[in-house]
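So this block is target.pdb, PDB, C-alpha atoms and all ligand atoms:
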ATOM      1  CA  MET A1496      25.365-101.613-115.266
ATOM      2  CA  ARG A1497      25.834-100.584-111.594
ATOM      3  CA  HIS A1498      23.395-103.054-109.994
ATOM      4  CA  LEU A1499      21.275-105.894-111.360
ATOM      5  CA  LEU A1500      17.986-105.708-109.474
ATOM      6  CA  THR A1501      15.402-106.379-112.187
ATOM      7  CA  THR A1502      15.468-107.274-115.854
ATOM      8  CA  ALA A1503      14.255-103.706-116.514
ATOM      9  CA  ASP A1504      17.766-102.579-115.423
ATOM     10  CA  LEU A1505      19.199-104.331-118.471
ATOM     11  CA  PRO A1506      19.443-102.517-121.800
ATOM     12  CA  ARG A1507      19.017-104.829-124.781
ATOM     13  CA  GLU A1508      22.704-104.609-125.780
ATOM     14  CA  ILE A1509      23.825-105.632-122.259
ATOM     15  CA  VAL A1510      21.418-108.601-122.356
ATOM     16  CA  GLN A1511      22.888-109.660-125.702
ATOM     17  CA  ARG A1512      26.434-109.362-124.362
ATOM     18  CA  ILE A1513      25.634-111.361-121.220
ATOM     19  CA  LEU A1514      24.001-114.089-123.327
ATOM     20  CA  LYS A1515      26.948-114.164-125.735
ATOM     21  CA  ASP A1516      29.445-114.432-122.850
ATOM     22  CA  ALA A1517      27.329-117.073-121.073
ATOM     23  CA  LEU A1518      27.027-119.197-124.205
ATOM     24  CA  SER A1519      30.805-119.027-124.615
ATOM     25  CA  TYR A1520      31.316-120.209-121.011
ATOM     26  CA  VAL A1521      28.878-123.169-121.207
ATOM     27  CA  PRO A1522      31.205-125.526-123.181
ATOM     28  CA  THR A1523      34.100-124.768-120.803
ATOM     29  CA  LEU A1524      32.278-125.861-117.644
ATOM     30  CA  GLY A1525      33.738-129.073-116.268
ATOM     31  CA  LEU A1526      36.771-128.942-118.576
ATOM     32  CA  ARG A1527      39.345-127.310-116.266
ATOM     33  CA  ARG A1528      39.151-124.223-118.444
ATOM     34  CA  ASP A1529      38.217-121.711-115.772
ATOM     35  CA  ARG A1530      38.890-117.998-116.378
ATOM     36  CA  ARG A1531      40.495-117.258-113.006
ATOM     37  CA  GLU A1532      42.412-114.298-114.351
ATOM     38  CA  LEU A1533      39.179-112.361-115.006
ATOM     39  CA  LEU A1534      38.219-111.590-111.389
ATOM     40  CA  SER A1535      41.336-112.654-109.493
ATOM     41  CA  GLY A1536      41.486-111.037-106.038
ATOM     42  CA  ARG A1537      37.830-109.912-105.981
ATOM     43  CA  ASN A1538      35.473-110.857-103.133
ATOM     44  CA  VAL A1539      31.755-111.514-103.425
ATOM     45  CA  ALA A1540      29.264-111.932-100.557
ATOM     46  CA  LEU A1541      26.275-114.198-101.165
ATOM     47  CA  VAL A1542      23.617-112.956 -98.744
ATOM     48  CA  PHE A1543      20.618-115.287 -98.610
ATOM     49  CA  PHE A1544      17.610-114.539 -96.410
ATOM     50  CA  GLU A1545      15.644-117.363 -98.116
ATOM     51  CA  PRO A1546      16.571-120.969 -98.963
ATOM     52  CA  SER A1547      18.267-121.708-102.286
ATOM     53  CA  THR A1548      20.189-124.513-103.944
ATOM     54  CA  ARG A1549      20.594-123.542-107.605
ATOM     55  CA  THR A1550      21.071-119.785-107.348
ATOM     56  CA  ARG A1551      23.388-119.804-104.340
ATOM     57  CA  LEU A1552      25.634-122.636-105.538
ATOM     58  CA  SER A1553      25.808-121.337-109.096
ATOM     59  CA  PHE A1554      26.801-117.832-107.989
ATOM     60  CA  GLU A1555      29.373-119.400-105.684
ATOM     61  CA  THR A1556      30.890-121.624-108.354
ATOM     62  CA  ALA A1557      30.670-118.791-110.918
ATOM     63  CA  ALA A1558      32.740-116.543-108.642
ATOM     64  CA  HIS A1559      35.319-119.286-108.078
ATOM     65  CA  ARG A1560      35.602-120.076-111.786
ATOM     66  CA  LEU A1561      36.435-116.411-112.433
ATOM     67  CA  GLY A1562      39.072-116.332-109.685
ATOM     68  CA  ALA A1563      36.976-114.402-107.143
ATOM     69  CA  SER A1564      36.339-115.617-103.623
ATOM     70  CA  ALA A1565      32.749-116.061-102.466
ATOM     71  CA  VAL A1566      31.506-116.201 -98.902
ATOM     72  CA  VAL A1567      27.982-117.220 -97.992
ATOM     73  CA  PHE A1568      25.705-115.603 -95.425
ATOM     74  CA  GLN A1569      22.514-117.473 -94.490
ATOM     75  CA  THR A1570      20.072-116.332 -91.840
ATOM     76  CA  GLN A1571      20.170-119.650 -90.038
ATOM     77  CA  GLY A1572      23.027-119.447 -87.557
ATOM     78  CA  SER A1573      23.501-115.691 -88.070
ATOM     79  CA  SER A1574      22.839-112.742 -85.754
ATOM     80  CA  VAL A1575      19.448-112.303 -87.457
ATOM     81  CA  GLU A1576      18.409-115.032 -85.015
ATOM     82  CA  LYS A1577      19.436-112.660 -82.182
ATOM     83  CA  GLY A1578      17.196-109.909 -83.563
ATOM     84  CA  GLU A1579      19.620-108.029 -85.833
ATOM     85  CA  SER A1580      17.716-105.985 -88.437
ATOM     86  CA  LEU A1581      18.059-106.379 -92.204
ATOM     87  CA  GLN A1582      19.608-102.902 -92.501
ATOM     88  CA  GLU A1583      22.176-103.564 -89.783
ATOM     89  CA  THR A1584      23.006-106.980 -91.236
ATOM     90  CA  ILE A1585      23.657-105.449 -94.672
ATOM     91  CA  ALA A1586      25.637-102.536 -93.169
ATOM     92  CA  THR A1587      27.783-105.066 -91.291
ATOM     93  CA  ILE A1588      28.465-107.110 -94.427
ATOM     94  CA  GLU A1589      29.142-103.915 -96.428
ATOM     95  CA  ALA A1590      31.709-102.838 -93.801
ATOM     96  CA  MET A1591      33.739-105.958 -94.676
ATOM     97  CA  ARG A1592      34.345-104.310 -98.077
ATOM     98  CA  PHE A1593      33.106-106.907-100.516
ATOM     99  CA  ASP A1594      33.264-106.057-104.212
ATOM    100  CA  ALA A1595      29.645-107.143-104.771
ATOM    101  CA  LEU A1596      26.652-108.356-102.750
ATOM    102  CA  VAL A1597      24.406-111.040-104.236
ATOM    103  CA  ILE A1598      21.187-110.833-102.210
ATOM    104  CA  ARG A1599      18.048-112.975-101.989
ATOM    105  CA  HIS A1600      15.148-111.752 -99.876
ATOM    106  CA  GLY A1601      11.453-112.613 -99.649
ATOM    107  CA  ARG A1602      10.077-109.072 -99.319
ATOM    108  CA  ASP A1603       9.045-107.017-102.357
ATOM    109  CA  GLY A1604      10.765-103.640-102.556
ATOM    110  CA  VAL A1605      13.749-104.640-100.453
ATOM    111  CA  MET A1606      16.379-104.273-103.204
ATOM    112  CA  ASN A1607      15.485-100.630-103.848
ATOM    113  CA  GLU A1608      15.805 -99.912-100.137
ATOM    114  CA  LEU A1609      19.202-101.596 -99.946
ATOM    115  CA  ARG A1610      20.684-100.003-103.086
ATOM    116  CA  SER A1611      20.731 -96.610-101.386
ATOM    117  CA  MET A1612      22.548 -98.057 -98.353
ATOM    118  CA  VAL A1613      25.539 -99.734 -99.977
ATOM    119  CA  SER A1614      28.308 -98.621-102.272
ATOM    120  CA  ALA A1615      29.079-102.096-103.688
ATOM    121  CA  PRO A1616      27.079-103.403-106.660
ATOM    122  CA  ILE A1617      24.025-105.483-105.697
ATOM    123  CA  VAL A1618      22.832-108.442-107.752
ATOM    124  CA  SER A1619      19.332-109.668-106.971
ATOM    125  CA  ALA A1620      19.241-113.423-106.469
ATOM    126  CA  GLY A1621      15.445-113.251-106.176
ATOM    127  CA  GLU A1622      13.151-110.683-104.521
ATOM    128  CA  GLY A1623       9.709-111.510-103.121
ATOM    129  CA  THR A1624       7.232-112.177-105.899
ATOM    130  CA  THR A1625       8.728-109.313-107.959
ATOM    131  CA  SER A1626      11.804-110.441-109.805
ATOM    132  CA  HIS A1627      14.539-112.997-110.364
ATOM    133  CA  PRO A1628      16.624-111.447-113.145
ATOM    134  CA  THR A1629      19.415-114.019-113.432
ATOM    135  CA  GLN A1630      16.800-116.797-113.691
ATOM    136  CA  ALA A1631      15.292-115.012-116.708
ATOM    137  CA  LEU A1632      18.768-114.612-118.212
ATOM    138  CA  LEU A1633      19.533-118.310-117.795
ATOM    139  CA  ASP A1634      16.158-119.200-119.322
ATOM    140  CA  ALA A1635      17.033-116.982-122.302
ATOM    141  CA  SER A1636      20.490-118.548-122.567
ATOM    142  CA  THR A1637      19.103-122.111-122.432
ATOM    143  CA  LEU A1638      16.472-121.369-125.077
ATOM    144  CA  THR A1639      18.975-119.534-127.293
ATOM    145  CA  GLU A1640      21.230-122.594-127.211
ATOM    146  CA  LYS A1641      18.291-124.839-128.108
ATOM    147  CA  PHE A1642      16.572-122.726-130.786
ATOM    148  CA  GLY A1643      19.288-120.281-131.928
ATOM    149  CA  THR A1644      17.058-117.375-130.852
ATOM    150  CA  VAL A1645      14.263-116.526-128.436
ATOM    151  CA  GLU A1646      12.511-114.422-131.059
ATOM    152  CA  GLY A1647       9.258-115.955-132.240
ATOM    153  CA  LEU A1648       8.994-118.565-129.462
ATOM    154  CA  ARG A1649       5.540-119.140-128.004
ATOM    155  CA  ILE A1650       6.009-119.687-124.275
ATOM    156  CA  ALA A1651       3.152-120.945-122.074
ATOM    157  CA  ILE A1652       3.700-120.443-118.336
ATOM    158  CA  VAL A1653       1.725-123.081-116.444
ATOM    159  CA  GLY A1654       1.305-123.204-112.666
ATOM    160  CA  ASP A1655       1.389-120.770-109.781
ATOM    161  CA  VAL A1656       1.891-117.608-111.831
ATOM    162  CA  ARG A1657       0.475-115.266-109.165
ATOM    163  CA  HIS A1658       3.222-115.903-106.604
ATOM    164  CA  SER A1659       6.093-116.313-109.079
ATOM    165  CA  ARG A1660       8.991-113.869-109.394
ATOM    166  CA  VAL A1661      10.385-116.190-112.065
ATOM    167  CA  ALA A1662       7.296-115.696-114.259
ATOM    168  CA  ARG A1663       7.456-111.909-113.951
ATOM    169  CA  SER A1664      11.140-111.654-114.911
ATOM    170  CA  GLN A1665      10.748-114.269-117.639
ATOM    171  CA  VAL A1666       7.905-112.355-119.300
ATOM    172  CA  GLU A1667       9.686-109.007-118.955
ATOM    173  CA  LEU A1668      13.007-110.168-120.419
ATOM    174  CA  LEU A1669      11.932-112.695-123.027
ATOM    175  CA  THR A1670       9.162-110.465-124.390
ATOM    176  CA  SER A1671      11.838-107.835-124.994
ATOM    177  CA  LEU A1672      13.746-110.506-126.956
ATOM    178  CA  GLY A1673      10.719-111.251-129.156
ATOM    179  CA  ALA A1674       8.961-114.167-127.437
ATOM    180  CA  GLU A1675       5.173-114.371-127.112
ATOM    181  CA  PHE A1676       3.611-115.466-123.789
ATOM    182  CA  ALA A1677       0.441-117.107-122.488
ATOM    183  CA  VAL A1678      -0.438-118.089-118.917
ATOM    184  CA  CYS A1679      -2.410-121.066-117.685
ATOM    185  CA  ALA A1680      -3.334-121.590-114.030
ATOM    186  CA  PRO A1681      -6.175-122.311-111.633
ATOM    187  CA  ALA A1682      -8.079-119.104-110.777
ATOM    188  CA  GLU A1683      -6.313-118.761-107.409
ATOM    189  CA  PHE A1684      -2.898-118.843-109.142
ATOM    190  CA  MET A1685      -3.726-116.426-111.954
ATOM    191  CA  PRO A1686      -1.953-113.040-111.772
ATOM    192  CA  SER A1687      -3.787-110.410-109.753
ATOM    193  CA  GLU A1688      -5.739-107.669-111.509
ATOM    194  CA  ALA A1689      -3.175-105.199-110.161
ATOM    195  CA  ASP A1690      -0.393-106.818-112.169
ATOM    196  CA  PRO A1691      -0.470-105.137-115.593
ATOM    197  CA  LEU A1692       2.539-107.046-116.971
ATOM    198  CA  MET A1693       1.031-110.471-116.346
ATOM    199  CA  ASN A1694      -2.621-109.573-116.684
ATOM    200  CA  SER A1695      -2.266-108.503-120.295
ATOM    201  CA  LEU A1696      -1.137-111.983-121.396
ATOM    202  CA  LYS A1697      -3.147-114.515-123.344
ATOM    203  CA  LYS A1698      -4.993-116.931-120.988
ATOM    204  CA  LEU A1699      -5.264-120.651-121.684
ATOM    205  CA  GLU A1700      -7.706-123.048-119.994
ATOM    206  CA  ASP A1701      -5.490-125.995-119.151
ATOM    207  CA  ILE A1702      -2.136-127.600-119.948
ATOM    208  CA  ASP A1703      -3.547-129.478-122.962
ATOM    209  CA  GLU A1704      -4.530-126.177-124.556
ATOM    210  CA  ALA A1705      -1.117-124.791-123.585
ATOM    211  CA  LEU A1706       0.730-127.742-125.161
ATOM    212  CA  ALA A1707      -1.265-127.336-128.381
ATOM    213  CA  TRP A1708      -0.367-123.607-128.549
ATOM    214  CA  CYS A1709       3.242-123.343-127.342
ATOM    215  CA  SER A1710       6.757-124.171-128.481
ATOM    216  CA  VAL A1711       8.049-123.889-124.877
ATOM    217  CA  LEU A1712       6.224-125.024-121.744
ATOM    218  CA  SER A1713       7.470-123.054-118.727
ATOM    219  CA  LEU A1714       6.322-124.964-115.653
ATOM    220  CA  LEU A1715       6.110-123.498-112.149
ATOM    221  CA  ARG A1716       5.710-125.207-108.801
ATOM    222  CA  ILE A1717       3.018-124.218-106.302
ATOM    223  CA  GLN A1718       4.769-121.686-104.032
ATOM    224  CA  HIS A1719       3.401-122.894-100.699
ATOM    225  CA  GLU A1720       5.694-120.554 -98.750
ATOM    226  CA  ARG A1721       3.995-117.499-100.321
ATOM    227  CA  ILE A1722       0.376-118.661 -99.970
ATOM    228  CA  GLU A1723      -1.315-117.382 -96.827
ATOM    229  CA  THR A1724      -4.802-118.849 -97.243
ATOM    230  CA  ASN A1725      -5.976-122.449 -97.314
ATOM    231  CA  ASN A1726      -7.222-121.842-100.823
ATOM    232  CA  LYS A1727      -5.017-124.487-102.470
ATOM    233  CA  PRO A1728      -6.203-126.918-105.129
ATOM    234  CA  MET A1729      -6.400-130.643-104.444
ATOM    235  CA  ILE A1730      -3.343-132.299-105.964
ATOM    236  CA  GLU A1731      -5.342-134.740-108.103
ATOM    237  CA  ASP A1732      -7.502-131.924-109.531
ATOM    238  CA  TYR A1733      -4.368-129.881-110.170
ATOM    239  CA  ARG A1734      -2.606-132.758-111.922
ATOM    240  CA  ARG A1735      -5.602-133.460-114.151
ATOM    241  CA  GLN A1736      -5.593-129.905-115.542
ATOM    242  CA  PHE A1737      -2.080-128.520-115.126
ATOM    243  CA  ALA A1738       0.613-131.220-114.705
ATOM    244  CA  PHE A1739       3.145-132.373-117.304
ATOM    245  CA  THR A1740       2.492-136.063-116.721
ATOM    246  CA  SER A1741       4.234-139.019-118.371
ATOM    247  CA  GLU A1742       1.148-139.467-120.618
ATOM    248  CA  ARG A1743       1.292-135.867-121.826
ATOM    249  CA  ALA A1744       5.088-136.076-122.251
ATOM    250  CA  SER A1745       4.748-139.099-124.546
ATOM    251  CA  GLN A1746       2.441-137.084-126.831
ATOM    252  CA  HIS A1747       4.507-133.852-126.898
ATOM    253  CA  ASP A1748       8.131-134.462-127.849
ATOM    254  CA  ASP A1749       7.767-131.350-130.008
ATOM    255  CA  VAL A1750       7.444-129.008-126.994
ATOM    256  CA  VAL A1751      10.537-127.931-125.016
ATOM    257  CA  VAL A1752       9.978-127.932-121.251
ATOM    258  CA  ILE A1753      11.694-125.622-118.773
ATOM    259  CA  HIS A1754      11.225-125.204-115.012
ATOM    260  CA  PRO A1755      13.224-122.963-112.635
ATOM    261  CA  GLY A1756      13.320-125.632-109.920
ATOM    262  CA  PRO A1757      12.939-126.903-107.363
ATOM    263  CA  VAL A1758      10.470-129.316-108.963
ATOM    264  CA  ASN A1759       7.757-131.009-106.942
ATOM    265  CA  LEU A1760       7.797-134.445-108.536
ATOM    266  CA  GLY A1761       4.381-136.026-108.847
ATOM    267  CA  VAL A1762       2.690-132.616-108.661
ATOM    268  CA  GLU A1763       3.451-130.320-111.640
ATOM    269  CA  ILE A1764       5.751-132.845-113.371
ATOM    270  CA  ASP A1765       6.375-136.594-113.265
ATOM    271  CA  ALA A1766       9.843-137.902-112.371
ATOM    272  CA  VAL A1767      10.055-140.169-115.442
ATOM    273  CA  VAL A1768       9.921-137.232-117.869
ATOM    274  CA  LEU A1769      13.014-135.472-116.477
ATOM    275  CA  ASP A1770      15.401-137.412-118.734
ATOM    276  CA  ARG A1771      13.510-136.783-121.967
ATOM    277  CA  PRO A1772      15.602-134.800-124.494
ATOM    278  CA  ASN A1773      13.025-132.009-124.768
ATOM    279  CA  VAL A1774      13.040-131.426-120.969
ATOM    280  CA  LEU A1775      15.823-128.886-120.304
ATOM    281  CA  ILE A1776      15.544-128.491-116.529
ATOM    282  CA  HIS A1777      19.077-129.678-115.753
ATOM    283  CA  ARG A1778      20.485-127.849-118.770
ATOM    284  CA  GLN A1779      19.023-124.667-117.256
ATOM    285  CA  VAL A1780      21.110-125.294-114.127
ATOM    286  CA  THR A1781      24.281-125.511-116.241
ATOM    287  CA  HIS A1782      23.355-122.248-117.959
ATOM    288  CA  GLY A1783      22.787-120.756-114.490
ATOM    289  CA  VAL A1784      26.503-121.070-113.748
ATOM    290  CA  ALA A1785      27.495-119.582-117.108
ATOM    291  CA  VAL A1786      25.026-116.675-116.885
ATOM    292  CA  ARG A1787      26.139-115.825-113.357
ATOM    293  CA  MET A1788      29.779-115.867-114.518
ATOM    294  CA  ALA A1789      28.829-113.403-117.256
ATOM    295  CA  VAL A1790      26.904-111.163-114.840
ATOM    296  CA  LEU A1791      29.652-111.102-112.178
ATOM    297  CA  HIS A1792      32.305-110.412-114.781
ATOM    298  CA  ARG A1793      30.307-107.541-116.293
ATOM    299  CA  LEU A1794      29.591-105.939-112.900
ATOM    300  CA  LEU A1795      33.022-106.365-111.373
ATOM    301  CA  SER A1796      35.238-105.591-114.335
ATOM    302  CA  ALA A1797      33.523-102.254-115.070
TER     303      ALA A1797
HETATM  304  N1  LIG B   1      15.384-121.355-109.477
HETATM  305  C1  LIG B   1      15.802-121.039-108.234
HETATM  306  O1  LIG B   1      15.883-119.852-107.856
HETATM  307  O2  LIG B   1      16.166-122.111-107.451
HETATM  308  P1  LIG B   1      16.761-122.019-105.989
HETATM  309  O3  LIG B   1      15.662-121.510-105.081
HETATM  310  O4  LIG B   1      17.207-123.425-105.651
HETATM  311  O5  LIG B   1      17.900-121.044-106.018
END
Show me, as structure tokens, the structure contained in the file I just sent.
Amino acid sequence: MRHLLTTADLPREIVQRILKDALSYVPTLGLRRDRRELLSGRNVALVFFEPSTRTRLSFETAAHRLGASAVVFQTQGSSVEKGESLQETIATIEAMRFDALVIRHGRDGVMNELRSMVSAPIVSAGEGTTSHPTQALLDASTLTEKFGTVEGLRIAIVGDVRHSRVARSQVELLTSLGAEFAVCAPAEFMPSEADPLMNSLKKLEDIDEALAWCSVLSLLRIQHERIETNNKPMIEDYRRQFAFTSERASQHDDVVVIHPGPVNLGVEIDAVVLDRPNVLIHRQVTHGVAVRMAVLHRLLSA
């Protein structure tokens, strides 16, 4: 594994090894049982052209727990604000001789352009609406911990599927592990006709149909930053058909709920359901650290 740009870069045996390593790291988190010997002396650059809380902090803490140093680049306060191009910014960071670049960018296709420019391994921390491979890995790790396997799970993705890189990577990776998918969204958030991966999935009318069909509800927020038109649903209409409300939660303890975050409380999910045992949103964040430890170790120890 030279780079990790999409889940398609990951052969099945590498996925299984990353999940096995991640699941072995999870119980050690918070117990002063870091593995600093594994990547001692290595340096990782976290290069974020878009906002992030979970992905950036979990890569940063993952690097530290393995003994590597991690430095963070964010566009705000950088020379991008003086007009420096993406290519020149990456060439500048590359010239500092990091052992790996973890990059988030909002434009589709950017990772393929950058891979030919740099000699260090690149890990995608999210690219446009195309892919978010470590999110899919942490979803797989969280669900494997919960169910023992992903195989045979029925996963209903509900929300803004059209603009979601999370949905695309989740379907690609978890289908390869044996899960079955359906999507459920207002017409304006359904995948475009040009998206063969997403368009081939089973379609469900509303969240009640999704909850009756699925074992896992995969909720998505409305991605306002990627929506150019004013064609957005009214919040009350959206909630009536697509939100995991406290009323629905009280009727569906049998369904496990995941969400990549950030959540928009009172829109796609109610605040009071976050602490229910079948809602794994914060457990996913814990698995995010473990999965990113496994990914960094695999890339940097090769
Ligand atoms: N899930 C996710 O990518 O969250 P952040 O944008 O906070 O990193």
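Among the candidate residues A:Gln1582, A:Thr1637, A:Thr1502, A:Ser1573, the one lying nearest to Val1711 (chain A) is A:Thr1637, with distances computed using only C-alpha atoms.
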For the interface of region 1613-1732 of chain A with region 1747-1750 of chain A (cut-off 8 Å, counting all atoms listed in the file), please tabulate each contacting residue of region 1613-1732 of chain A alongside its nearest pair of atoms and their separation in Å to one decimal, rows sorted by chain and increasing number, as a Markdown table.
| residue | atom | partner | partner_atom | distance |
| --- | --- | --- | --- | --- |
| A:Leu1706 | CA | A:Val1750 | CA | 7.1 |
| A:Cys1709 | CA | A:Val1750 | CA | 7.1 |
| A:Ser1710 | CA | A:Val1750 | CA | 5.1 |
| A:Val1711 | CA | A:Val1750 | CA | 5.6 |
| A:Leu1712 | CA | A:Val1750 | CA | 6.7 |
Do you know which residues are within 10 Å of ligand LIG 1 (chain B) using only C-alpha atoms and all ligand atoms? Can you write them as a VMD selection string? chain A and resid 1543 1545 to 1554 1599 1620 to 1621 1627 to 1631 1633 1660 to 1661 1715 1754 to 1758 1779 to 1780 1783
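Of the residues listed (A:Leu1672, A:Val1597, A:Ala1680, A:Ala1705), A:Leu1672 shows the shortest atom-to-atom separation from Leu1505 (chain A); distances use all atoms listed in the file.
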Val1786 (chain A) surroundings by all atoms listed in the file, 9 Å radius, close-in-sequence under 3 positions cut, as a ChimeraX atom specification: /A:1513-1514,1516-1518,1520-1521,1557,1629-1630,1632-1633,1636,1781-1783,1789-1791
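Selection by the PyMOL selection byres (((chain A and resi 1565) around 7) and not hetatm) on the present file picks out A:Asn1538, A:Val1539, A:Ala1540, A:Leu1541, A:Glu1555, A:Ala1558, A:His1559, A:Ala1563, A:Ser1564, A:Val1566, A:Val1567.
Interatomic distance, CA of Ile1617 (chain A) against CA of His1498 (chain A): 5.0 Å.
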Could the centre and edge lengths of an axis-aligned box, enclosing all atoms of region 1501-1515 of chain A in the file with 8 Å extra on each side, be given in Å to one decimal as AutoDock Vina command-line options?
--center_x 20.6 --center_y -108.3 --center_z -119.0 --size_x 28.7 --size_y 27.6 --size_z 29.6
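Non-sequential neighbours of Leu1696 (chain A) (distance at most 7 Å, separation of 5 or more positions within a chain, all atoms listed in the file) are Phe1676, Ala1677 and Val1678 of chain A.
Nearest residue to Ala1590 (chain A), choosing from A:Glu1640, A:Met1612, A:Glu1700, A:Arg1602 and counting all atoms listed in the file: A:Met1612.
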Using only C-alpha atoms, pick whichever of A:Phe1568, A:Phe1737, A:Phe1642, A:Phe1593 has the shortest atom-to-atom distance to Ala1682 (chain A). A:Phe1737
One decimal place gives the CA of Cys1679 (chain A)-CA of Gln1665 (chain A) separation as 14.8 Å
Quick one: residues within 8 Å of region 1729-1734 of chain A, all atoms listed in the file, excluding same-chain residues fewer than 2 positions away - as a JSON list (two decimals) with C-alpha atoms, in the coordinates of the input?
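And here is the file that came out, selection_26.json:
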[["chain", "number", "residue", "atom", "x", "y", "z"],
["A", 1681, "PRO", "CA", -6.18, -122.31, -111.63],
["A", 1727, "LYS", "CA", -5.02, -124.49, -102.47],
["A", 1736, "GLN", "CA", -5.59, -129.90, -115.54],
["A", 1737, "PHE", "CA", -2.08, -128.52, -115.13],
["A", 1738, "ALA", "CA", 0.61, -131.22, -114.70],
["A", 1739, "PHE", "CA", 3.14, -132.37, -117.30],
["A", 1740, "THR", "CA", 2.49, -136.06, -116.72],
["A", 1762, "VAL", "CA", 2.69, -132.62, -108.66],
["A", 1763, "GLU", "CA", 3.45, -130.32, -111.64]]
